[in-house]
file work_5.cif (mmCIF, C-alpha atoms)
data_start
#
loop_
_atom_site.label_atom_id
_atom_site.label_comp_id
_atom_site.auth_asym_id
_atom_site.auth_seq_id
_atom_site.Cartn_x
_atom_site.Cartn_y
_atom_site.Cartn_z
CA ALA A 1 0.00 0.00 0.00
CA ALA A 2 1.24 3.48 -0.80
CA LEU A 3 1.39 5.78 2.25
CA THR A 4 1.61 9.54 2.34
CA THR A 5 2.31 11.85 5.30
CA GLN A 6 3.63 15.30 6.16
CA GLY A 7 7.22 14.13 6.66
CA GLY A 8 9.50 12.20 4.40
CA ALA A 9 9.46 8.46 4.13
CA VAL A 10 12.27 6.24 5.37
CA LEU A 11 11.75 4.07 2.30
CA PRO A 12 10.35 6.30 -0.47
CA TYR A 13 9.61 5.49 -4.08
CA ASP A 14 7.81 7.00 -7.05
CA GLU A 15 9.96 10.14 -6.95
CA ASP A 16 9.54 10.41 -3.17
CA ASN A 17 5.80 11.14 -3.48
CA VAL A 18 4.77 8.05 -1.54
CA GLY A 19 6.54 5.63 0.76
CA LEU A 20 6.43 2.16 2.24
CA VAL A 21 8.00 2.94 5.64
CA TYR A 22 7.55 6.05 7.80
CA ASP A 23 9.15 7.01 11.12
CA MET A 24 6.63 8.77 13.38
CA ARG A 25 7.10 10.05 16.91
CA LEU A 26 4.27 10.26 19.42
CA ALA A 27 5.37 12.20 22.54
CA ARG A 28 8.38 10.28 23.86
CA GLY A 29 7.48 7.11 21.93
CA LYS A 30 8.52 5.90 18.53
CA VAL A 31 6.29 4.38 15.87
CA ILE A 32 7.31 2.80 12.57
CA VAL A 33 4.44 2.66 10.07
CA LEU A 34 4.58 0.07 7.28
CA GLY A 35 2.44 -0.09 4.20
CA ASP A 36 2.54 -3.90 4.19
CA SER A 37 2.29 -5.81 7.47
CA SER A 38 3.11 -9.13 5.76
CA LEU A 39 6.71 -7.98 5.56
CA LEU A 40 7.13 -9.18 9.17
CA ILE A 41 5.85 -12.74 8.74
CA ASN A 42 8.35 -15.60 8.89
CA HIS A 43 8.11 -16.39 5.19
CA MET A 44 8.94 -12.81 4.18
CA LEU A 45 11.87 -12.38 6.55
CA GLY A 46 14.02 -14.51 4.23
CA VAL A 47 13.23 -12.42 1.17
CA ALA A 48 15.87 -9.91 0.02
CA ASP A 49 17.10 -7.84 2.99
CA ASN A 50 13.84 -7.87 5.00
CA GLN A 51 15.49 -9.55 7.98
CA ARG A 52 18.15 -6.84 8.15
CA PHE A 53 15.43 -4.19 7.91
CA VAL A 54 13.50 -5.70 10.83
CA ALA A 55 16.65 -5.96 12.95
CA ASN A 56 17.55 -2.34 12.27
CA THR A 57 13.99 -1.29 13.13
CA LEU A 58 14.14 -3.07 16.52
CA ASP A 59 17.49 -1.52 17.28
CA TYR A 60 16.12 1.92 16.45
CA LEU A 61 12.99 1.51 18.57
CA CYS A 62 14.88 0.19 21.57
CA ASP A 63 17.85 2.59 21.40
CA ASP A 64 18.72 3.85 24.92
CA VAL A 65 15.69 2.05 26.41
CA PRO A 66 16.64 -0.27 29.34
CA SER A 67 13.64 -2.62 29.12
CA CYS A 68 12.35 -2.29 25.58
CA ARG A 69 9.21 -4.14 24.51
CA PRO A 70 8.02 -3.13 21.02
CA TYR A 71 4.43 -3.91 20.03
CA LEU A 72 3.24 -4.94 16.56
CA LEU A 73 -0.20 -3.46 15.82
CA VAL A 74 -1.99 -4.86 12.79
CA GLY A 75 -5.54 -4.00 11.70
CA ASP A 76 -8.03 -6.23 9.88
CA PHE A 77 -6.92 -7.11 6.37
CA ALA A 78 -7.10 -9.94 3.83
CA LEU A 79 -4.24 -11.23 1.68
CA THR A 80 -4.32 -13.75 -1.16
CA GLY A 81 -1.71 -15.39 -3.33
CA ALA A 82 1.93 -16.19 -2.67
CA TYR A 83 5.25 -14.49 -3.27
CA HIS A 84 7.30 -15.61 -6.29
CA ALA A 85 10.58 -14.02 -7.26
CA GLU A 86 10.54 -12.84 -10.86
CA HIS A 87 14.25 -13.48 -11.32
CA GLY A 88 17.44 -13.73 -9.36
CA GLU A 89 20.11 -11.11 -9.04
CA ASP A 90 22.17 -12.70 -11.82
CA GLU A 91 19.22 -13.64 -14.05
CA ASP A 92 18.45 -11.69 -17.18
CA PRO A 93 14.91 -10.17 -17.06
CA GLN A 94 14.53 -10.94 -20.78
CA ASP A 95 15.11 -14.65 -20.12
CA ALA A 96 12.53 -14.60 -17.30
CA LEU A 97 9.99 -12.94 -19.61
CA ALA A 98 10.66 -15.52 -22.34
CA ALA A 99 10.14 -18.33 -19.83
CA MET A 100 6.78 -16.81 -18.81
CA LEU A 101 5.68 -16.59 -22.45
CA ASP A 102 6.72 -20.20 -23.07
CA ALA A 103 4.63 -21.32 -20.10
CA LEU A 104 1.65 -19.35 -21.42
CA ASN A 105 1.95 -20.90 -24.88
CA GLU A 106 2.16 -24.37 -23.36
CA ARG A 107 -1.03 -23.71 -21.43
CA LEU A 108 -2.80 -22.55 -24.60
CA ARG A 109 -1.76 -25.74 -26.42
CA ASP A 110 -3.19 -27.78 -23.55
CA LEU A 111 -6.51 -25.96 -23.93
CA GLU A 112 -6.59 -26.70 -27.67
CA ASP A 113 -6.14 -30.43 -27.01
CA TYR A 114 -8.76 -30.45 -24.23
CA THR A 115 -11.88 -32.46 -24.98
CA PRO A 116 -14.92 -31.74 -22.77
CA PRO A 117 -16.58 -34.75 -21.09
CA TYR A 118 -19.59 -36.47 -22.67
CA ASN A 119 -22.08 -34.95 -20.22
CA ALA A 120 -20.93 -31.44 -21.05
CA LEU A 121 -21.55 -31.99 -24.77
CA TYR A 122 -24.95 -33.54 -24.05
CA TYR A 123 -26.19 -30.64 -21.92
CA ALA A 124 -24.70 -28.10 -24.31
CA SER A 125 -26.66 -29.67 -27.19
CA LEU A 126 -29.87 -29.54 -25.13
CA LEU A 127 -29.26 -25.88 -24.37
CA LEU A 128 -28.61 -25.18 -28.05
CA MET A 129 -31.86 -26.91 -29.12
CA ALA A 130 -33.85 -25.01 -26.48
CA GLY A 131 -32.43 -21.73 -27.72
CA LEU A 132 -33.23 -22.68 -31.31
CA ALA A 133 -36.83 -23.49 -30.35
CA VAL A 134 -37.24 -20.10 -28.65
CA PHE A 135 -35.75 -18.37 -31.69
CA LEU A 136 -38.09 -20.13 -34.12
CA ALA A 137 -41.11 -19.44 -31.91
CA THR A 138 -40.18 -15.77 -31.96
CA ILE A 139 -39.77 -15.29 -35.70
CA LEU A 140 -42.38 -17.76 -36.98
CA PRO A 141 -46.13 -17.54 -36.33
CA LEU A 142 -47.48 -20.49 -34.34
CA ARG A 143 -51.13 -20.05 -35.36
CA ARG A 144 -53.01 -18.80 -38.33
CA ALA A 145 -54.04 -15.19 -38.19
CA PRO A 146 -57.80 -14.80 -37.59
CA ARG A 147 -59.92 -13.87 -40.54
CA VAL A 148 -60.92 -10.24 -40.48
CA VAL A 149 -64.68 -9.84 -40.18
CA PRO A 150 -66.02 -6.41 -41.11
CA ARG A 151 -68.12 -4.77 -38.41
CA VAL A 152 -71.63 -4.03 -39.62
CA ARG A 153 -72.89 -2.37 -36.44
CA PRO A 154 -71.50 0.05 -33.86
CA PRO A 155 -69.73 -1.31 -30.77
CA ASP A 156 -71.98 -2.61 -27.99
CA ALA A 157 -70.90 0.25 -25.75
CA LEU A 158 -72.28 2.77 -28.28
CA ARG A 159 -75.36 0.85 -29.46
CA PRO A 160 -78.64 2.26 -28.05
CA LEU A 161 -80.32 -0.09 -25.55
CA SER A 162 -83.94 -1.04 -25.48
CA GLU A 163 -85.94 -0.60 -22.28
CA PHE A 164 -85.62 -4.30 -21.56
CA GLU A 165 -81.83 -4.28 -22.04
CA TRP A 166 -81.47 -1.19 -19.90
CA ASN A 167 -83.38 -2.75 -17.00
CA LEU A 168 -81.56 -6.05 -17.43
CA GLN A 169 -78.19 -4.32 -17.15
CA ARG A 170 -79.46 -2.43 -14.15
CA TYR A 171 -80.37 -5.73 -12.46
CA THR A 172 -77.09 -7.49 -13.26
CA ARG A 173 -74.97 -4.55 -12.15
CA ALA A 174 -73.47 -5.21 -8.72
CA GLY A 175 -73.80 -2.80 -5.86
CA PRO A 176 -76.62 -0.96 -4.12
CA GLN A 177 -78.04 0.22 -7.49
CA GLY A 178 -78.94 -3.34 -8.59
CA ASN A 179 -82.62 -3.96 -9.31
CA TYR A 180 -83.82 -7.32 -7.96
CA ALA A 181 -87.23 -7.20 -9.63
CA LEU A 182 -86.62 -10.41 -11.57
CA PRO A 183 -85.79 -12.52 -8.46
CA VAL A 184 -88.90 -11.09 -6.76
CA ALA A 185 -91.02 -12.07 -9.79
CA LEU A 186 -89.60 -15.61 -9.66
CA LEU A 187 -90.39 -15.80 -5.96
CA ARG A 188 -93.92 -14.48 -6.64
CA ASP A 189 -94.67 -17.27 -9.14
CA ARG A 190 -93.56 -20.01 -6.75
CA PHE A 191 -95.30 -18.48 -3.71
CA GLU A 192 -98.69 -17.87 -5.38
CA ARG A 193 -98.75 -21.39 -6.81
CA GLU A 194 -98.22 -22.97 -3.37
CA PHE A 195 -100.33 -20.44 -1.45
CA PHE A 196 -103.46 -20.51 -3.63
CA SER A 197 -103.33 -24.29 -4.04
CA ARG A 198 -103.66 -24.68 -0.22
CA VAL A 199 -105.88 -21.70 0.65
CA ALA A 200 -108.18 -21.12 -2.36
CA HIS A 201 -109.64 -24.69 -2.29
CA ASN A 202 -109.94 -25.02 -6.08
CA GLU A 203 -111.58 -21.60 -6.39
CA ARG A 204 -110.90 -19.55 -9.50
CA VAL A 205 -108.01 -17.12 -8.99
CA PRO A 206 -108.83 -13.80 -10.73
CA PRO A 207 -106.00 -12.39 -12.89
CA PRO A 208 -104.20 -9.26 -11.65
CA ASP A 209 -106.23 -6.91 -13.89
CA ASP A 210 -109.60 -8.40 -12.81
CA PRO A 211 -111.76 -6.04 -10.67
CA LEU A 212 -112.55 -8.99 -8.36
CA ARG A 213 -108.84 -9.47 -7.56
CA PRO A 214 -108.65 -7.11 -4.50
CA ALA A 215 -111.65 -8.73 -2.74
CA PHE A 216 -110.30 -12.20 -3.52
CA LEU A 217 -106.90 -11.34 -1.99
CA ARG A 218 -108.53 -10.03 1.23
CA THR A 219 -110.52 -13.25 1.53
CA MET A 220 -107.37 -15.36 0.99
CA ALA A 221 -105.37 -13.44 3.59
CA GLN A 222 -108.14 -13.75 6.19
CA ARG A 223 -108.67 -17.46 5.41
CA TYR A 224 -104.96 -18.18 5.78
CA VAL A 225 -104.87 -16.58 9.24
CA ASP A 226 -108.10 -18.30 10.36
CA LEU A 227 -106.89 -21.76 9.30
CA HIS A 228 -103.20 -21.67 10.23
CA LEU A 229 -102.88 -19.00 12.96
CA ALA A 230 -105.97 -19.82 15.02
CA ASP A 231 -103.91 -20.17 18.21
CA ALA A 232 -102.40 -16.66 17.91
CA SER A 233 -103.67 -13.69 19.90
CA PRO A 234 -106.20 -11.34 18.28
CA GLY A 235 -103.58 -8.64 17.82
CA GLU A 236 -101.14 -11.05 16.18
CA ARG A 237 -103.89 -12.34 13.86
CA VAL A 238 -104.77 -8.81 12.74
CA LYS A 239 -101.13 -8.02 12.12
CA ALA A 240 -100.60 -11.26 10.19
CA THR A 241 -103.70 -10.59 8.05
CA ARG A 242 -102.47 -7.11 7.10
CA SER A 243 -98.93 -8.22 6.28
CA THR A 244 -100.16 -11.17 4.20
CA LEU A 245 -102.58 -8.94 2.27
CA ARG A 246 -99.82 -6.37 1.55
CA LEU A 247 -97.61 -9.16 0.24
CA LEU A 248 -100.34 -10.50 -2.07
CA GLU A 249 -101.21 -7.01 -3.31
CA MET A 250 -97.56 -6.21 -4.00
CA PHE A 251 -97.18 -9.42 -6.00
CA SER A 252 -100.28 -8.50 -8.01
CA THR A 253 -98.66 -5.27 -9.18
CA LEU A 254 -95.78 -7.13 -10.85
CA PRO A 255 -96.24 -7.95 -14.56
CA PRO A 256 -95.54 -11.47 -15.79
CA ARG A 257 -91.88 -12.36 -15.94
CA SER A 258 -91.84 -12.18 -19.74
CA ARG A 259 -93.04 -8.54 -19.58
CA LEU A 260 -91.43 -7.53 -16.31
CA PHE A 261 -89.04 -4.90 -17.69
CA LEU A 262 -91.30 -3.87 -20.57
CA ASP A 263 -94.62 -3.18 -18.83
CA GLY A 264 -93.47 -2.07 -15.40
CA ASP A 265 -90.89 -0.01 -13.55
CA ALA A 266 -90.76 -2.01 -10.32
CA THR A 267 -87.51 -1.61 -8.40
CA PHE A 268 -86.41 -3.83 -5.52
CA SER A 269 -83.18 -3.67 -3.59
CA GLU A 270 -81.33 -6.65 -2.20
CA ARG A 271 -82.71 -5.75 1.22
CA ASP A 272 -86.27 -5.80 -0.16
CA LEU A 273 -85.66 -9.22 -1.70
CA ASN A 274 -84.39 -10.66 1.60
CA ARG A 275 -87.35 -9.24 3.53
CA ILE A 276 -89.92 -10.60 1.05
CA ALA A 277 -88.18 -13.99 0.97
CA ARG A 278 -88.31 -14.28 4.77
CA GLN A 279 -92.04 -13.43 4.82
CA CYS A 280 -92.82 -15.95 2.08
CA ASP A 281 -90.80 -18.61 3.84
CA ALA A 282 -92.71 -18.04 7.11
CA ILE A 283 -96.12 -18.28 5.39
CA LEU A 284 -95.21 -21.40 3.40
CA THR A 285 -93.83 -23.00 6.55
CA HIS A 286 -97.23 -22.50 8.24
CA LEU A 287 -98.84 -24.07 5.18
CA GLY A 288 -96.58 -27.12 5.45
CA VAL A 289 -94.46 -26.34 2.40
CA ARG A 290 -90.72 -27.05 2.79
#

call {"tool": "encode", "arguments": {"input": "work_5.cif", "output": "structure tokens"}}
result
Amino acid sequence: AALTTQGGAVLPYDEDNVGLVYDMRLARGKVIVLGDSSLLINHMLGVADNQRFVANTLDYLCDDVPSCRPYLLVGDFALTGAYHAEHGEDEDPQDALAAMLDALNERLRDLEDYTPPYNALYYASLLLMAGLAVFLATILPLRRAPRVVPRVRPPDALRPLSEFEWNLQRYTRAGPQGNYALPVALLRDRFEREFFSRVAHNERVPPPDDPLRPAFLRTMAQRYVDLHLADASPGERVKATRSTLRLLEMFSTLPPRSRLFLDGDATFSERDLNRIARQCDAILTHLGVR
């Protein structure tokens, strides 16, 4: 490591701009700072004149000190590799360079003669085929292009809706704005079939537009309470008669299912549907319908 400080280095290089060894004094103490702590390991002491350098350093630190004990302080660091002398004192650098090039050429010849194992060739061929398949799938169409059909009408989003379609979309749309008139009409058909078959006693049921329909519904509501709620208190019987009559009258206002969204503007929320379903279930339960 190259070190720099205010003073000069004991062992400078690079035109004295940086150094490897610095002599620093702290109060009455002496400190020698090295750029490479590995210089003091056993293996490096035998290299060049490192051992003489270490001996001189100890003599300098302990000069005129009766009981000298120098300390070696080393921080965290990581070193890799090993030291190899490039050439001896009497060896020509050109010969050392030629030897290095010869070793490199020999290594390259070994690589040329190297044959990979069978498994490596097998997996390399699989990888090559997979890449070829991806390439072909990218540049070649895998399916026939669809035939272009000319549009003879505007998009559905722009086409005007009939009254039936508008109400149907309003029913199928989720949320509090949904109209549950169709489920109520389905419930009406099932309820009236079961209710009148058990209460009307084969009497003719007037259609919704018949003037006799209101009187018939009052008679059916009263008959239902008299036959199936006879044990209830008078107040409960009156309340049951009124609620049953309101249910039958509400059902009478609904057009047939086939004309529900064309001939009427009935609107029912999900809460209305649940309330009507509970009332119908209670009445049919009293009638013995499960």

call {"tool": "residues_near_point", "arguments": {"input": "work_5.cif", "point": "(-109.9, -23.7, -0.9)", "cutoff": "12 Å", "atoms": "all atoms listed in the file", "output": "list in words"}}
result
Glu194, Phe195, Phe196, Ser197, Arg198, Val199, Ala200, His201, Asn202, Glu203, Arg204, Val205, Phe216, Thr219, Met220, Arg223, Tyr224 and Leu227 of chain A

call {"tool": "closest_residue", "arguments": {"input": "work_5.cif", "among": "A:Ser258, A:Gln279, A:Asn105, A:Thr267", "to": "Leu187 (chain A)", "atoms": "only C-alpha atoms"}}
result
A:Gln279

call {"tool": "resolve_selection", "arguments": {"input": "work_5.cif", "expression": "the PyMOL selection byres ((chain A and resi 276) around 12)", "output": "short mmCIF file (atom, residue, chain, number, x, y, z; two decimals) with C-alpha atoms, keeping the file's coordinate frame"}}
result
data_model
loop_
_atom_site.label_atom_id
_atom_site.label_comp_id
_atom_site.auth_asym_id
_atom_site.auth_seq_id
_atom_site.Cartn_x
_atom_site.Cartn_y
_atom_site.Cartn_z
CA TYR A 180 -83.82 -7.32 -7.96
CA ALA A 181 -87.23 -7.20 -9.63
CA PRO A 183 -85.79 -12.52 -8.46
CA VAL A 184 -88.90 -11.09 -6.76
CA ALA A 185 -91.02 -12.07 -9.79
CA LEU A 186 -89.60 -15.61 -9.66
CA LEU A 187 -90.39 -15.80 -5.96
CA ARG A 188 -93.92 -14.48 -6.64
CA PHE A 191 -95.30 -18.48 -3.71
CA SER A 243 -98.93 -8.22 6.28
CA THR A 244 -100.16 -11.17 4.20
CA ARG A 246 -99.82 -6.37 1.55
CA LEU A 247 -97.61 -9.16 0.24
CA LEU A 248 -100.34 -10.50 -2.07
CA MET A 250 -97.56 -6.21 -4.00
CA PHE A 251 -97.18 -9.42 -6.00
CA PHE A 268 -86.41 -3.83 -5.52
CA SER A 269 -83.18 -3.67 -3.59
CA GLU A 270 -81.33 -6.65 -2.20
CA ARG A 271 -82.71 -5.75 1.22
CA ASP A 272 -86.27 -5.80 -0.16
CA LEU A 273 -85.66 -9.22 -1.70
CA ASN A 274 -84.39 -10.66 1.60
CA ARG A 275 -87.35 -9.24 3.53
CA ALA A 277 -88.18 -13.99 0.97
CA ARG A 278 -88.31 -14.28 4.77
CA GLN A 279 -92.04 -13.43 4.82
CA CYS A 280 -92.82 -15.95 2.08
CA ASP A 281 -90.80 -18.61 3.84
CA ALA A 282 -92.71 -18.04 7.11
CA ILE A 283 -96.12 -18.28 5.39
#

call {"tool": "build_atoms", "arguments": {"input": "work_5.cif", "residues": "region 126-137 of chain A", "atoms": "all heavy atoms", "output": "mmCIF file, keeping the file's coordinate frame"}}
result
data_model
loop_
_atom_site.group_PDB
_atom_site.id
_atom_site.type_symbol
_atom_site.label_atom_id
_atom_site.label_comp_id
_atom_site.auth_asym_id
_atom_site.auth_seq_id
_atom_site.Cartn_x
_atom_site.Cartn_y
_atom_site.Cartn_z
ATOM 1 N N LEU A 126 -28.506 -29.824 -25.586
ATOM 2 C CA LEU A 126 -29.870 -29.540 -25.130
ATOM 3 C C LEU A 126 -30.108 -28.036 -25.030
ATOM 4 O O LEU A 126 -31.175 -27.522 -25.423
ATOM 5 C CB LEU A 126 -30.119 -30.202 -23.763
ATOM 6 C CG LEU A 126 -30.243 -31.720 -23.743
ATOM 7 C CD1 LEU A 126 -30.520 -32.199 -22.320
ATOM 8 C CD2 LEU A 126 -31.357 -32.195 -24.674
ATOM 9 N N LEU A 127 -29.126 -27.329 -24.483
ATOM 10 C CA LEU A 127 -29.260 -25.880 -24.370
ATOM 11 C C LEU A 127 -29.349 -25.229 -25.737
ATOM 12 O O LEU A 127 -30.134 -24.288 -25.955
ATOM 13 C CB LEU A 127 -28.079 -25.321 -23.583
ATOM 14 C CG LEU A 127 -28.079 -23.815 -23.294
ATOM 15 C CD1 LEU A 127 -29.289 -23.447 -22.452
ATOM 16 C CD2 LEU A 127 -26.802 -23.402 -22.587
ATOM 17 N N LEU A 128 -28.576 -25.737 -26.706
ATOM 18 C CA LEU A 128 -28.610 -25.180 -28.050
ATOM 19 C C LEU A 128 -29.973 -25.428 -28.707
ATOM 20 O O LEU A 128 -30.534 -24.524 -29.358
ATOM 21 C CB LEU A 128 -27.499 -25.807 -28.894
ATOM 22 C CG LEU A 128 -27.407 -25.347 -30.357
ATOM 23 C CD1 LEU A 128 -27.156 -23.846 -30.421
ATOM 24 C CD2 LEU A 128 -26.326 -26.114 -31.090
ATOM 25 N N MET A 129 -30.539 -26.615 -28.542
ATOM 26 C CA MET A 129 -31.860 -26.910 -29.120
ATOM 27 C C MET A 129 -32.946 -26.063 -28.473
ATOM 28 O O MET A 129 -33.867 -25.597 -29.152
ATOM 29 C CB MET A 129 -32.167 -28.401 -28.971
ATOM 30 C CG MET A 129 -31.329 -29.297 -29.878
ATOM 31 S SD MET A 129 -31.862 -31.021 -29.851
ATOM 32 C CE MET A 129 -31.397 -31.463 -28.174
ATOM 33 N N ALA A 130 -32.849 -25.855 -27.143
ATOM 34 C CA ALA A 130 -33.850 -25.010 -26.480
ATOM 35 C C ALA A 130 -33.774 -23.577 -26.998
ATOM 36 O O ALA A 130 -34.803 -22.937 -27.253
ATOM 37 C CB ALA A 130 -33.631 -25.044 -24.968
ATOM 38 N N GLY A 131 -32.567 -23.072 -27.180
ATOM 39 C CA GLY A 131 -32.430 -21.730 -27.720
ATOM 40 C C GLY A 131 -32.956 -21.624 -29.137
ATOM 41 O O GLY A 131 -33.579 -20.620 -29.518
ATOM 42 N N LEU A 132 -32.715 -22.687 -29.947
ATOM 43 C CA LEU A 132 -33.230 -22.680 -31.310
ATOM 44 C C LEU A 132 -34.748 -22.688 -31.331
ATOM 45 O O LEU A 132 -35.375 -22.000 -32.155
ATOM 46 C CB LEU A 132 -32.673 -23.899 -32.067
ATOM 47 C CG LEU A 132 -33.116 -24.055 -33.529
ATOM 48 C CD1 LEU A 132 -32.665 -22.856 -34.351
ATOM 49 C CD2 LEU A 132 -32.560 -25.343 -34.124
ATOM 50 N N ALA A 133 -35.369 -23.449 -30.408
ATOM 51 C CA ALA A 133 -36.830 -23.490 -30.350
ATOM 52 C C ALA A 133 -37.401 -22.122 -29.993
ATOM 53 O O ALA A 133 -38.404 -21.672 -30.566
ATOM 54 C CB ALA A 133 -37.273 -24.543 -29.340
ATOM 55 N N VAL A 134 -36.778 -21.442 -29.037
ATOM 56 C CA VAL A 134 -37.240 -20.100 -28.650
ATOM 57 C C VAL A 134 -37.088 -19.133 -29.820
ATOM 58 O O VAL A 134 -37.966 -18.292 -30.086
ATOM 59 C CB VAL A 134 -36.478 -19.618 -27.413
ATOM 60 C CG1 VAL A 134 -36.831 -18.168 -27.096
ATOM 61 C CG2 VAL A 134 -36.775 -20.508 -26.219
ATOM 62 N N PHE A 135 -35.979 -19.252 -30.542
ATOM 63 C CA PHE A 135 -35.750 -18.370 -31.690
ATOM 64 C C PHE A 135 -36.796 -18.583 -32.775
ATOM 65 O O PHE A 135 -37.362 -17.621 -33.313
ATOM 66 C CB PHE A 135 -34.344 -18.617 -32.234
ATOM 67 C CG PHE A 135 -34.040 -17.855 -33.500
ATOM 68 C CD1 PHE A 135 -33.817 -16.492 -33.469
ATOM 69 C CD2 PHE A 135 -34.002 -18.507 -34.725
ATOM 70 C CE1 PHE A 135 -33.544 -15.794 -34.632
ATOM 71 C CE2 PHE A 135 -33.732 -17.818 -35.886
ATOM 72 C CZ PHE A 135 -33.508 -16.449 -35.844
ATOM 73 N N LEU A 136 -37.093 -19.854 -33.085
ATOM 74 C CA LEU A 136 -38.090 -20.130 -34.120
ATOM 75 C C LEU A 136 -39.480 -19.685 -33.687
ATOM 76 O O LEU A 136 -40.268 -19.193 -34.495
ATOM 77 C CB LEU A 136 -38.080 -21.633 -34.445
ATOM 78 C CG LEU A 136 -36.798 -22.166 -35.105
ATOM 79 C CD1 LEU A 136 -36.916 -23.661 -35.311
ATOM 80 C CD2 LEU A 136 -36.527 -21.454 -36.422
ATOM 81 N N ALA A 137 -39.793 -19.882 -32.395
ATOM 82 C CA ALA A 137 -41.110 -19.440 -31.910
ATOM 83 C C ALA A 137 -41.252 -17.936 -31.972
ATOM 84 O O ALA A 137 -42.354 -17.407 -32.064
ATOM 85 C CB ALA A 137 -41.321 -19.936 -30.477
#
